[in-house]
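Source file protein09.tsv; content: TSV, C-alpha atoms.
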chain	number	residue	atom	x	y	z
A	150	MET	CA	0.00	0.00	0.00
A	151	ALA	CA	1.35	3.42	-0.92
A	152	THR	CA	1.93	5.78	1.95
A	153	HIS	CA	1.95	9.54	1.80
A	154	ALA	CA	4.23	11.39	4.17
A	155	LEU	CA	2.72	14.31	6.00
A	156	PRO	CA	4.05	17.68	4.82
A	157	GLN	CA	6.95	19.04	6.80
A	158	PRO	CA	5.97	21.81	9.22
A	159	LEU	CA	6.77	25.40	8.45
A	160	PRO	CA	10.40	26.05	9.45
A	161	LEU	CA	9.58	28.71	12.03
A	162	ASP	CA	6.72	26.89	13.76
A	163	GLY	CA	7.17	27.43	17.49
A	164	VAL	CA	9.22	30.62	17.11
A	165	THR	CA	7.75	33.70	18.78
A	166	VAL	CA	8.65	37.18	17.56
A	167	VAL	CA	7.85	40.42	19.36
A	168	ALA	CA	8.20	43.55	17.23
A	169	VAL	CA	8.03	47.22	18.15
A	170	GLU	CA	7.81	48.30	14.55
A	171	GLN	CA	6.47	50.91	12.19
A	172	ALA	CA	6.48	51.92	8.51
A	173	VAL	CA	8.02	49.27	6.20
A	174	SER	CA	11.49	47.96	7.07
A	175	ALA	CA	10.77	46.09	10.32
A	176	PRO	CA	7.16	45.15	9.44
A	177	PHE	CA	8.19	43.67	6.09
A	178	ALA	CA	10.99	41.69	7.78
A	179	THR	CA	8.66	40.24	10.41
A	180	ARG	CA	6.00	39.45	7.80
A	181	GLN	CA	8.52	37.12	6.16
A	182	LEU	CA	8.94	35.38	9.52
A	183	ALA	CA	5.16	35.11	9.94
A	184	ASP	CA	4.74	33.60	6.48
A	185	LEU	CA	7.26	30.89	7.47
A	186	GLY	CA	5.29	29.98	10.58
A	187	ALA	CA	6.52	32.30	13.33
A	188	ARG	CA	4.07	33.83	15.77
A	189	VAL	CA	4.57	37.59	15.38
A	190	ILE	CA	3.26	39.93	18.09
A	191	LYS	CA	3.16	43.48	16.77
A	192	VAL	CA	3.36	46.16	19.45
A	193	GLU	CA	1.67	49.43	18.45
A	194	ARG	CA	0.86	52.77	20.03
A	195	PRO	CA	-2.67	53.04	21.44
A	196	ASP	CA	-3.18	56.40	19.69
A	197	GLY	CA	-3.36	55.23	16.09
A	198	GLY	CA	-0.82	52.42	16.04
A	199	ASP	CA	1.78	51.95	13.35
A	200	PHE	CA	1.67	55.21	11.40
A	201	ALA	CA	1.68	53.22	8.14
A	202	ARG	CA	-1.98	52.47	8.94
A	203	GLY	CA	-2.69	56.04	7.85
A	204	TYR	CA	-0.68	56.25	4.62
A	205	ASP	CA	-3.71	55.78	2.36
A	206	THR	CA	-7.08	54.03	2.14
A	207	ALA	CA	-6.54	52.23	-1.16
A	208	ALA	CA	-7.07	48.65	0.08
A	209	ARG	CA	-10.83	48.78	0.69
A	210	GLY	CA	-10.33	51.53	3.24
A	211	LEU	CA	-7.08	50.15	4.65
A	212	ALA	CA	-3.57	51.38	3.90
A	213	SER	CA	-1.89	49.45	1.09
A	214	HIS	CA	1.55	49.53	2.74
A	215	PHE	CA	0.10	48.18	5.97
A	216	VAL	CA	-1.86	45.39	4.29
A	217	TRP	CA	1.23	44.31	2.35
A	218	ALA	CA	3.64	44.22	5.31
A	219	ASN	CA	1.50	43.09	8.26
A	220	ARG	CA	-0.54	40.01	7.47
A	221	GLY	CA	-0.37	37.09	9.88
A	222	LYS	CA	0.42	39.14	12.99
A	223	GLU	CA	-1.21	39.71	16.37
A	224	SER	CA	-1.61	43.38	17.34
A	225	ILE	CA	-1.32	44.61	20.90
A	226	ALA	CA	-1.62	48.35	21.60
A	227	LEU	CA	0.69	49.43	24.46
A	228	ASP	CA	1.82	52.80	25.78
A	229	LEU	CA	5.55	52.17	26.20
A	230	LYS	CA	6.06	55.52	27.90
A	231	GLU	CA	3.99	54.22	30.80
A	232	PRO	CA	5.75	51.83	33.25
A	233	ARG	CA	2.87	49.35	33.20
A	234	GLY	CA	3.04	49.25	29.39
A	235	ARG	CA	6.77	48.55	29.47
A	236	GLU	CA	6.18	45.84	32.07
A	237	VAL	CA	3.73	44.09	29.74
A	238	LEU	CA	6.24	44.34	26.89
A	239	GLU	CA	9.00	42.98	29.12
A	240	ARG	CA	6.88	39.94	29.92
A	241	LEU	CA	6.22	39.33	26.23
A	242	ILE	CA	9.93	39.62	25.41
A	243	ALA	CA	10.84	37.23	28.22
A	244	GLU	CA	8.87	34.50	26.42
A	245	ALA	CA	10.04	35.40	22.91
A	246	ASP	CA	12.72	33.99	20.63
A	247	VAL	CA	13.17	37.14	18.55
A	248	PHE	CA	12.71	40.85	19.16
A	249	VAL	CA	12.72	43.39	16.32
A	250	GLN	CA	12.58	47.18	16.53
A	251	ASN	CA	13.00	50.09	14.13
A	252	LEU	CA	12.28	53.05	16.41
A	253	ALA	CA	13.99	56.38	15.80
A	254	GLN	CA	17.68	56.25	16.61
A	255	GLY	CA	18.22	56.37	20.38
A	256	ALA	CA	14.58	55.74	21.31
A	257	ALA	CA	15.02	52.01	21.85
A	258	ALA	CA	18.08	52.53	24.06
A	259	ARG	CA	16.19	55.04	26.20
A	260	LEU	CA	13.50	52.40	26.74
A	261	GLY	CA	16.01	49.61	27.34
A	262	LEU	CA	14.91	47.91	24.12
A	263	ASP	CA	18.13	48.05	22.11
A	264	ALA	CA	19.59	44.72	21.03
A	265	ALA	CA	22.68	44.90	23.23
A	266	THR	CA	20.67	45.53	26.40
A	267	LEU	CA	18.07	42.86	25.70
A	268	THR	CA	20.51	40.12	24.68
A	269	ALA	CA	22.55	40.77	27.83
A	270	ARG	CA	19.38	40.16	29.85
A	271	TYR	CA	17.98	37.24	27.82
A	272	GLY	CA	20.74	34.94	26.64
A	273	ARG	CA	18.67	33.01	24.07
A	274	LEU	CA	17.00	36.06	22.55
A	275	VAL	CA	17.82	37.18	19.01
A	276	ALA	CA	17.32	40.97	19.06
A	277	VAL	CA	17.34	43.08	15.91
A	278	ASP	CA	18.02	46.81	15.64
A	279	ILE	CA	17.03	48.30	12.26
A	280	SER	CA	18.21	51.87	11.78
A	281	GLY	CA	18.66	54.36	9.01
A	282	TYR	CA	22.41	54.87	9.16
A	283	GLY	CA	23.73	52.64	11.95
A	284	PRO	CA	24.30	53.19	15.68
A	285	GLU	CA	27.29	55.52	15.43
A	286	GLY	CA	28.90	57.99	13.06
A	287	PRO	CA	27.91	61.50	11.96
A	288	TYR	CA	24.64	60.32	10.37
A	289	ALA	CA	23.48	58.12	13.25
A	290	HIS	CA	20.73	60.48	14.41
A	291	LYS	CA	19.58	61.75	11.01
A	292	ARG	CA	16.00	61.02	10.02
A	293	ALA	CA	16.09	58.20	7.51
A	294	TYR	CA	13.04	57.91	5.30
A	295	ASP	CA	13.28	55.66	2.27
A	296	MET	CA	13.65	58.40	-0.34
A	297	LEU	CA	16.36	60.12	1.68
A	298	VAL	CA	18.39	56.93	1.99
A	299	GLN	CA	17.94	56.22	-1.73
A	300	CYS	CA	19.55	59.62	-2.33
A	301	GLU	CA	22.35	59.14	0.21
A	302	ALA	CA	23.14	55.69	-1.22
A	303	GLY	CA	23.43	57.03	-4.77
A	304	LEU	CA	20.56	54.93	-6.12
A	305	VAL	CA	18.75	57.99	-7.39
A	306	SER	CA	21.88	59.14	-9.25
A	307	VAL	CA	21.85	56.04	-11.46
A	308	THR	CA	18.06	55.81	-11.90
A	309	GLY	CA	16.12	57.90	-14.38
A	310	THR	CA	16.80	59.54	-17.71
A	311	PRO	CA	19.95	61.33	-18.87
A	312	ASP	CA	18.18	64.60	-18.05
A	313	ARG	CA	16.81	63.83	-14.61
A	314	PRO	CA	17.43	61.39	-11.75
A	315	VAL	CA	14.41	59.74	-10.15
A	316	LYS	CA	13.86	57.62	-7.05
A	317	ALA	CA	12.82	54.00	-7.36
A	318	GLY	CA	9.05	53.56	-7.51
A	319	ILE	CA	9.12	51.14	-4.57
A	320	PRO	CA	10.66	51.69	-1.10
A	321	ALA	CA	13.96	50.09	-2.08
A	322	ALA	CA	15.92	51.11	1.03
A	323	ASP	CA	13.19	49.82	3.35
A	324	ILE	CA	12.90	46.54	1.46
A	325	ALA	CA	16.67	46.04	1.38
A	326	ALA	CA	16.93	46.55	5.14
A	327	ALA	CA	13.94	44.28	5.73
A	328	MET	CA	15.39	41.41	3.77
A	329	TYR	CA	18.79	41.64	5.49
A	330	ALA	CA	17.03	41.75	8.87
A	331	PHE	CA	15.01	38.68	7.86
A	332	SER	CA	18.08	36.72	6.78
A	333	GLY	CA	19.98	37.97	9.84
A	334	VAL	CA	17.29	36.52	12.12
A	335	LEU	CA	17.46	33.17	10.32
A	336	ALA	CA	21.26	33.10	10.63
A	337	ALA	CA	21.13	34.01	14.33
A	338	LEU	CA	18.51	31.34	15.03
A	339	LEU	CA	20.65	28.77	13.23
A	340	ARG	CA	23.65	29.79	15.34
A	341	ARG	CA	21.52	29.59	18.49
A	342	GLY	CA	20.67	26.02	17.59
A	343	THR	CA	24.37	25.23	17.80
A	344	THR	CA	25.50	27.47	20.66
A	345	GLY	CA	22.33	27.88	22.70
A	346	ARG	CA	22.75	31.65	22.65
A	347	GLY	CA	20.98	34.33	20.65
A	348	GLY	CA	22.58	37.71	20.21
A	349	PRO	CA	22.17	41.08	18.55
A	350	VAL	CA	21.58	41.68	14.85
A	351	GLU	CA	22.20	45.16	13.42
A	352	VAL	CA	20.97	46.31	10.01
A	353	SER	CA	21.00	49.83	8.60
A	354	MET	CA	19.09	50.99	5.56
A	355	LEU	CA	22.17	52.72	4.17
A	356	ASP	CA	24.36	49.63	4.54
A	357	ALA	CA	21.70	47.43	2.92
A	358	LEU	CA	21.14	49.71	-0.06
A	359	ALA	CA	24.88	50.38	-0.46
A	360	GLU	CA	25.31	46.62	-0.89
A	361	TRP	CA	22.63	46.60	-3.57
A	362	MET	CA	24.55	49.39	-5.32
A	363	GLY	CA	27.44	46.98	-5.82
A	364	HIS	CA	27.63	47.11	-9.62
A	365	PRO	CA	27.64	50.90	-10.10
A	366	LEU	CA	29.80	51.27	-6.98
A	367	HIS	CA	32.53	48.92	-8.23
A	368	HIS	CA	32.22	50.30	-11.76
A	369	THR	CA	32.85	53.80	-10.42
A	370	MET	CA	35.53	52.96	-7.83
A	371	HIS	CA	37.58	50.74	-10.11
A	372	GLY	CA	36.71	52.07	-13.54
A	373	GLY	CA	36.72	55.72	-12.60
A	374	GLU	CA	33.38	56.59	-14.17
A	375	GLN	CA	29.82	56.37	-12.88
A	376	PRO	CA	27.41	54.47	-15.17
A	377	ALA	CA	25.20	56.87	-17.07
A	378	ARG	CA	21.46	57.11	-16.45
A	379	THR	CA	19.79	55.61	-19.50
A	380	GLY	CA	16.11	55.32	-18.59
A	381	LEU	CA	15.04	51.85	-19.71
A	382	GLY	CA	18.20	51.51	-21.75
A	383	HIS	CA	21.53	50.02	-20.73
A	384	ALA	CA	24.74	51.99	-20.40
A	385	VAL	CA	26.90	49.45	-22.25
A	386	ILE	CA	24.51	47.28	-24.31
A	387	ALA	CA	22.53	48.17	-27.46
A	388	PRO	CA	19.82	47.60	-28.41
A	389	TYR	CA	18.40	47.39	-24.91
A	390	ASP	CA	15.30	49.53	-24.43
A	391	ALA	CA	11.53	49.75	-24.76
A	392	TYR	CA	10.09	50.38	-28.21
A	393	PRO	CA	6.50	51.41	-29.10
A	394	THR	CA	4.33	49.02	-31.10
A	395	ALA	CA	1.50	49.65	-33.54
A	396	ASP	CA	-1.29	49.05	-31.02
A	397	GLY	CA	-0.02	51.49	-28.39
A	398	GLY	CA	1.98	49.01	-26.34
A	399	GLU	CA	5.70	48.93	-25.67
A	400	VAL	CA	8.08	46.01	-25.93
A	401	LEU	CA	11.41	45.85	-24.18
A	402	LEU	CA	14.15	43.80	-25.79
A	403	SER	CA	17.75	43.05	-24.97
A	404	VAL	CA	20.44	41.87	-27.37
A	405	GLN	CA	23.24	40.34	-25.32
A	406	ASN	CA	25.72	39.41	-28.05
A	407	ASP	CA	26.44	39.80	-31.74
A	408	ARG	CA	24.90	36.44	-32.72
A	409	GLU	CA	21.61	37.64	-31.26
A	410	TRP	CA	21.94	40.89	-33.19
A	411	ARG	CA	22.29	38.95	-36.45
A	412	ARG	CA	19.16	36.94	-35.64
A	413	LEU	CA	17.28	40.14	-34.77
A	414	ALA	CA	18.35	41.76	-38.03
A	415	GLU	CA	17.35	38.74	-40.12
A	416	GLN	CA	14.15	37.54	-38.43
A	417	VAL	CA	12.60	40.64	-36.84
A	418	LEU	CA	13.99	43.72	-38.55
A	419	GLU	CA	14.02	41.84	-41.89
A	420	ARG	CA	17.27	43.62	-42.77
A	421	PRO	CA	19.92	40.87	-42.72
A	422	GLU	CA	22.56	43.23	-44.08
A	423	LEU	CA	22.63	45.03	-40.72
A	424	GLY	CA	23.96	41.84	-39.13
A	425	VAL	CA	27.31	42.34	-40.85
A	426	ASP	CA	27.32	46.11	-41.36
A	427	PRO	CA	30.39	47.46	-39.45
A	428	ALA	CA	28.20	50.23	-37.98
A	429	TYR	CA	26.04	47.61	-36.21
A	430	ALA	CA	27.82	44.24	-36.26
A	431	THR	CA	29.42	44.53	-32.80
A	432	ASN	CA	28.02	45.68	-29.50
A	433	ALA	CA	30.73	48.32	-29.25
A	434	ALA	CA	29.65	49.71	-32.64
A	435	ARG	CA	25.95	49.58	-31.76
A	436	THR	CA	26.55	51.33	-28.43
A	437	ALA	CA	28.62	54.06	-30.11
A	438	ASN	CA	25.88	54.33	-32.74
A	439	ARG	CA	23.05	53.97	-30.20
A	440	GLY	CA	20.74	56.60	-31.69
A	441	GLU	CA	20.58	55.00	-35.12
A	442	THR	CA	20.53	51.49	-33.67
A	443	ASP	CA	17.47	52.36	-31.61
A	444	ALA	CA	15.86	54.11	-34.56
A	445	VAL	CA	16.26	51.02	-36.77
A	446	VAL	CA	14.67	48.78	-34.15
A	447	ALA	CA	11.92	51.29	-33.38
A	448	ARG	CA	10.94	51.59	-37.05
A	449	ALA	CA	10.56	47.83	-37.35
A	450	LEU	CA	8.52	47.33	-34.18
A	451	ALA	CA	6.31	50.36	-34.86
A	452	GLY	CA	4.70	48.39	-37.69
A	453	LEU	CA	3.89	45.39	-35.50
A	454	GLY	CA	1.28	44.83	-32.82
A	455	THR	CA	2.57	44.00	-29.36
A	456	ALA	CA	1.66	40.31	-29.55
A	457	GLU	CA	3.17	39.97	-33.03
A	458	ALA	CA	6.36	41.73	-31.96
A	459	ILE	CA	6.71	39.48	-28.91
A	460	GLY	CA	6.06	36.42	-31.08
A	461	ARG	CA	8.75	37.34	-33.61
A	462	LEU	CA	11.30	38.19	-30.93
A	463	GLU	CA	10.69	34.94	-29.07
A	464	ALA	CA	10.88	32.93	-32.31
A	465	ALA	CA	14.26	34.57	-32.98
A	466	GLY	CA	15.48	33.76	-29.46
A	467	ILE	CA	15.67	37.41	-28.41
A	468	ALA	CA	14.99	38.23	-24.75
A	469	CYS	CA	11.92	40.44	-24.56
A	470	ALA	CA	9.09	41.60	-22.31
A	471	ARG	CA	5.98	43.70	-22.35
A	472	LEU	CA	6.24	47.03	-20.54
A	473	ASN	CA	3.45	46.25	-18.09
A	474	SER	CA	1.53	48.50	-15.75
A	475	VAL	CA	0.83	47.57	-12.13
A	476	ALA	CA	-2.68	46.57	-13.22
A	477	ASP	CA	-1.10	44.28	-15.81
A	478	LEU	CA	0.96	42.66	-13.05
A	479	ALA	CA	-2.22	42.04	-11.03
A	480	GLY	CA	-3.60	40.13	-14.01
A	481	HIS	CA	-0.32	38.57	-15.16
A	482	PRO	CA	-0.96	35.22	-16.87
A	483	GLN	CA	2.16	33.62	-15.38
A	484	LEU	CA	1.04	34.38	-11.82
A	485	ALA	CA	-2.42	33.03	-12.62
A	486	ALA	CA	-1.07	29.88	-14.31
A	487	ARG	CA	1.11	29.11	-11.28
A	488	ASP	CA	-1.77	29.73	-8.84
A	489	ARG	CA	0.17	32.42	-6.96
A	490	TRP	CA	-2.83	34.31	-5.61
A	491	ARG	CA	-4.56	33.75	-2.28
A	492	GLU	CA	-6.98	35.70	-0.10
A	493	VAL	CA	-6.12	36.98	3.35
A	494	ASP	CA	-8.64	38.25	5.85
A	495	SER	CA	-8.59	41.82	7.13
A	496	PRO	CA	-10.81	44.25	9.02
A	497	ALA	CA	-12.16	45.25	5.59
A	498	GLY	CA	-12.84	41.65	4.48
A	499	PRO	CA	-10.88	39.30	2.22
A	500	LEU	CA	-8.05	40.85	0.18
A	501	ARG	CA	-6.01	39.34	-2.65
A	502	ALA	CA	-2.38	38.70	-1.81
A	503	LEU	CA	0.51	36.95	-3.50
A	504	LEU	CA	2.09	33.86	-2.04
A	505	PRO	CA	5.56	34.62	-0.63
A	506	PRO	CA	8.42	34.02	-3.11
A	507	ILE	CA	10.13	31.40	-0.91
A	508	GLU	CA	8.75	27.96	-1.74
A	509	LEU	CA	9.43	24.85	0.34
A	510	PRO	CA	8.05	21.95	-1.74
A	511	GLY	CA	6.84	19.10	0.43
A	512	GLY	CA	6.22	21.43	3.33
A	513	ALA	CA	3.16	23.05	4.82
A	514	ALA	CA	1.66	26.00	2.96
A	515	PRO	CA	2.81	29.48	3.99
A	516	ARG	CA	0.87	30.89	6.92
A	517	MET	CA	-0.83	33.85	5.27
A	518	GLY	CA	-2.81	35.06	8.26
A	519	ALA	CA	-5.15	38.01	8.58
A	520	VAL	CA	-4.16	41.67	8.63
A	521	PRO	CA	-4.86	42.72	12.24
A	522	ALA	CA	-6.94	45.62	13.46
A	523	LEU	CA	-5.20	47.90	15.93
A	524	GLY	CA	-5.15	46.19	19.32
A	525	GLU	CA	-7.19	43.26	18.03
A	526	HIS	CA	-5.27	40.79	20.20
A	527	THR	CA	-4.56	42.99	23.22
A	528	ASP	CA	-6.93	41.27	25.64
A	529	ALA	CA	-6.01	37.75	24.55
A	530	LEU	CA	-2.31	38.48	24.93
A	531	LEU	CA	-2.78	40.04	28.35
A	532	ARG	CA	-4.78	37.01	29.48
A	533	SER	CA	-2.01	34.74	28.19
A	534	LEU	CA	0.36	36.58	30.56
A	535	GLY	CA	-1.91	35.67	33.47
A	536	MET	CA	-3.67	39.01	33.89
A	537	THR	CA	-7.17	39.10	35.33
A	538	GLU	CA	-10.12	40.86	33.76
A	539	THR	CA	-9.93	43.45	36.53
A	540	GLN	CA	-6.30	44.20	35.72
A	541	ILE	CA	-7.03	44.41	31.99
A	542	THR	CA	-9.96	46.75	32.60
A	543	ALA	CA	-7.74	49.02	34.69
A	544	LEU	CA	-5.07	49.14	31.98
A	545	ARG	CA	-7.70	50.09	29.40
A	546	ARG	CA	-9.26	52.69	31.68
A	547	ASP	CA	-5.87	54.35	32.19
A	548	GLY	CA	-4.98	54.31	28.47
A	549	VAL	CA	-2.03	51.96	28.96
A	550	VAL	CA	-3.49	49.52	26.42
A	551	ALA	CA	-6.05	49.72	23.67
Please express the file's structure as structure tokens.
Amino acid sequence: MATHALPQPLPLDGVTVVAVEQAVSAPFATRQLADLGARVIKVERPDGGDFARGYDTAARGLASHFVWANRGKESIALDLKEPRGREVLERLIAEADVFVQNLAQGAAARLGLDAATLTARYGRLVAVDISGYGPEGPYAHKRAYDMLVQCEAGLVSVTGTPDRPVKAGIPAADIAAAMYAFSGVLAALLRRGTTGRGGPVEVSMLDALAEWMGHPLHHTMHGGEQPARTGLGHAVIAPYDAYPTADGGEVLLSVQNDREWRRLAEQVLERPELGVDPAYATNAARTANRGETDAVVARALAGLGTAEAIGRLEAAGIACARLNSVADLAGHPQLAARDRWREVDSPAGPLRALLPPIELPGGAAPRMGAVPALGEHTDALLRSLGMTETQITALRRDGVVA
């Protein structure tokens, strides 16, 4: 008789995370932990909670940033400036495996919530400090919003058109810091499994984004010249850009070598002579002659519909893509074909959400829990700490919890 093994549990089942978090960097990091099975307790201010709750109302009345970064968490609203609120937090941390905070620089230390202080008190705790610029240095106390760090890290200087730099359209500095915090927690938990001790994890947004700037950074430091801003083009490859099609779409294509150029010339441009013309035959020549190279490609694709252009390019073995909108992404056929969409609950009802990118075949499905209302789990968490209804009522009456 065939037997079917039960799926392996999620890798972070049994791990408890307490997070004093706001905005994107820490919440997005802890959402990754929640998706992999961790219990994440989100500590928020009673007077409005995580300020990302108020960024917009696009997700059926909820803030889109908050919905994206906070599913699968339990929300407790605590006034950490009040001793009784800090006492509740301390009791939560005492039972936790991981603590994460991204308060303004210095605020965690004043509350005794910095990683060094907590890990000295709780030997098995993994404690994460996420900051803008790190704990010391001349920038340590500067405000560090995503756009500002994108500018400080030079990302904006290499993004945009030749005429104007632009910031990335997503919070790249926040996401970079979040993902290094996430991987730092996993590494520290793995080390704890060997040594029995947790320890501090430090991540700064500037450090994270500076790492992501590796290519232009090394190009500039060692080659002496910063890569030029080229919009959708490429500084050292041609053709590599988006080109309009007859039906109003745009198709992006990339020719990586001279063999591909010859195939493009023969099968798409229908001008095989360009494959051997010295003005186009090599990438160096095409890059030096970028304006005319782009014009030749643009003229050919302008007479084709988007689907026809994509079909010809794919038949010729040329890398290509549609220039999609965000709405196009929401309806992307590849995501639909791979069943990547789920629904998560929220105070506004079910909301579509993508499965997390990390897949663990043979394991339990990701834990895509509900987006919490502010303080939704306050009473349950206080009861789990052994508090009586009388004590909870007093805390609510005095504004210590919500």
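With only C-alpha atoms as the atoms that count, the residue of A:Val417, A:Met370, A:Ile319, A:Val277 with the shortest distance to Glu351 of chain A is A:Val277.
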Can you build me a table of segment 357-404 of chain A residues sitting at most 8 Å from segment 281-305 of chain A, with the closest atom pair per residue and its distance in Å to one decimal, using only C-alpha atoms, sorted by chain and residue number, as a Markdown table?
| residue | atom | partner | partner_atom | distance |
| --- | --- | --- | --- | --- |
| A:Leu358 | CA | A:Ala302 | CA | 6.4 |
| A:Ala359 | CA | A:Ala302 | CA | 5.6 |
| A:Met362 | CA | A:Leu304 | CA | 6.9 |
Residues near Val400 of chain A, anyone? I mean within 10 Å using all atoms listed in the file, not counting same-chain ones fewer than 3 positions away, as an mmCIF file with C-alpha atoms, keeping the file's coordinate frame.
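The new file result.cif reads:
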data_model
loop_
_atom_site.group_PDB
_atom_site.id
_atom_site.type_symbol
_atom_site.label_atom_id
_atom_site.label_comp_id
_atom_site.auth_asym_id
_atom_site.auth_seq_id
_atom_site.Cartn_x
_atom_site.Cartn_y
_atom_site.Cartn_z
ATOM 1 C CA ASP A 390 15.300 49.530 -24.430
ATOM 2 C CA ALA A 391 11.530 49.750 -24.760
ATOM 3 C CA TYR A 392 10.090 50.380 -28.210
ATOM 4 C CA PRO A 393 6.500 51.410 -29.100
ATOM 5 C CA THR A 394 4.330 49.020 -31.100
ATOM 6 C CA ALA A 447 11.920 51.290 -33.380
ATOM 7 C CA LEU A 450 8.520 47.330 -34.180
ATOM 8 C CA GLY A 454 1.280 44.830 -32.820
ATOM 9 C CA THR A 455 2.570 44.000 -29.360
ATOM 10 C CA ALA A 456 1.660 40.310 -29.550
ATOM 11 C CA ALA A 458 6.360 41.730 -31.960
ATOM 12 C CA ILE A 459 6.710 39.480 -28.910
ATOM 13 C CA LEU A 462 11.300 38.190 -30.930
ATOM 14 C CA CYS A 469 11.920 40.440 -24.560
ATOM 15 C CA ALA A 470 9.090 41.600 -22.310
ATOM 16 C CA ARG A 471 5.980 43.700 -22.350
ATOM 17 C CA LEU A 472 6.240 47.030 -20.540
ATOM 18 C CA ASN A 473 3.450 46.250 -18.090
#
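Proximity to Ala519 of chain A was assessed for A:Ile386, A:Val216, A:Leu401, A:Ala276 counting all atoms listed in the file; the smallest distance is recorded for A:Val216.
Between Ala437 of chain A and the candidates A:Pro388, A:Gly548, A:Gly197, A:Pro521, the tightest atom-to-atom separation, counting all atoms listed in the file, involves A:Pro388.
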Write out as lines of an AutoDock Vina configuration file an axis-aligned box for segment 373-389 of chain A: all of its atoms listed in the file, 8 Å added on each side, centre and edge lengths in Å with one decimal.
center_x = 25.9
center_y = 52.2
center_z = -20.5
size_x = 37.7
size_y = 25.8
size_z = 31.8
(request) Counting all atoms listed in the file, figure out which residue out of A:Ala336, A:Leu241, A:Ala387, A:Ala321 gets nearest to Glu360 of chain A. (result) A:Ala321
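Using all atoms listed in the file, the smallest distance between any of A:Ala201, A:Ala212, A:Leu402, A:Val192 and Ala226 of chain A comes from A:Val192.
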(request) Would you list the residues near (21.0, 39.8, 21.2), meaning any protein, DNA or RNA residue with an atom at most 10 Å from that point in file coordinates, counting all atoms listed in the file, as a PyMOL selection string? (result) chain A and resi 247-248+263-278+337+346-351
Cut-off 10 Å: closest segment 216-312 of chain A/segment 503-518 of chain A atom pairs per residue, using only C-alpha atoms, as a Markdown table:
| residue | atom | partner | partner_atom | distance |
| --- | --- | --- | --- | --- |
| A:Trp217 | CA | A:Leu503 | CA | 9.4 |
| A:Asn219 | CA | A:Gly518 | CA | 9.1 |
| A:Arg220 | CA | A:Gly518 | CA | 5.5 |
| A:Gly221 | CA | A:Gly518 | CA | 3.6 |
| A:Lys222 | CA | A:Gly518 | CA | 7.0 |
| A:Glu223 | CA | A:Gly518 | CA | 9.5 |
Store the residues picked out above, limited to C-alpha atoms, as a short mmCIF file (atom, residue, chain, number, x, y, z; two decimals), in the coordinates of the input.
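Below you can see selection-v9.cif, which holds the result:
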data_model
loop_
_atom_site.label_atom_id
_atom_site.label_comp_id
_atom_site.auth_asym_id
_atom_site.auth_seq_id
_atom_site.Cartn_x
_atom_site.Cartn_y
_atom_site.Cartn_z
CA TRP A 217 1.23 44.31 2.35
CA ASN A 219 1.50 43.09 8.26
CA ARG A 220 -0.54 40.01 7.47
CA GLY A 221 -0.37 37.09 9.88
CA LYS A 222 0.42 39.14 12.99
CA GLU A 223 -1.21 39.71 16.37
#
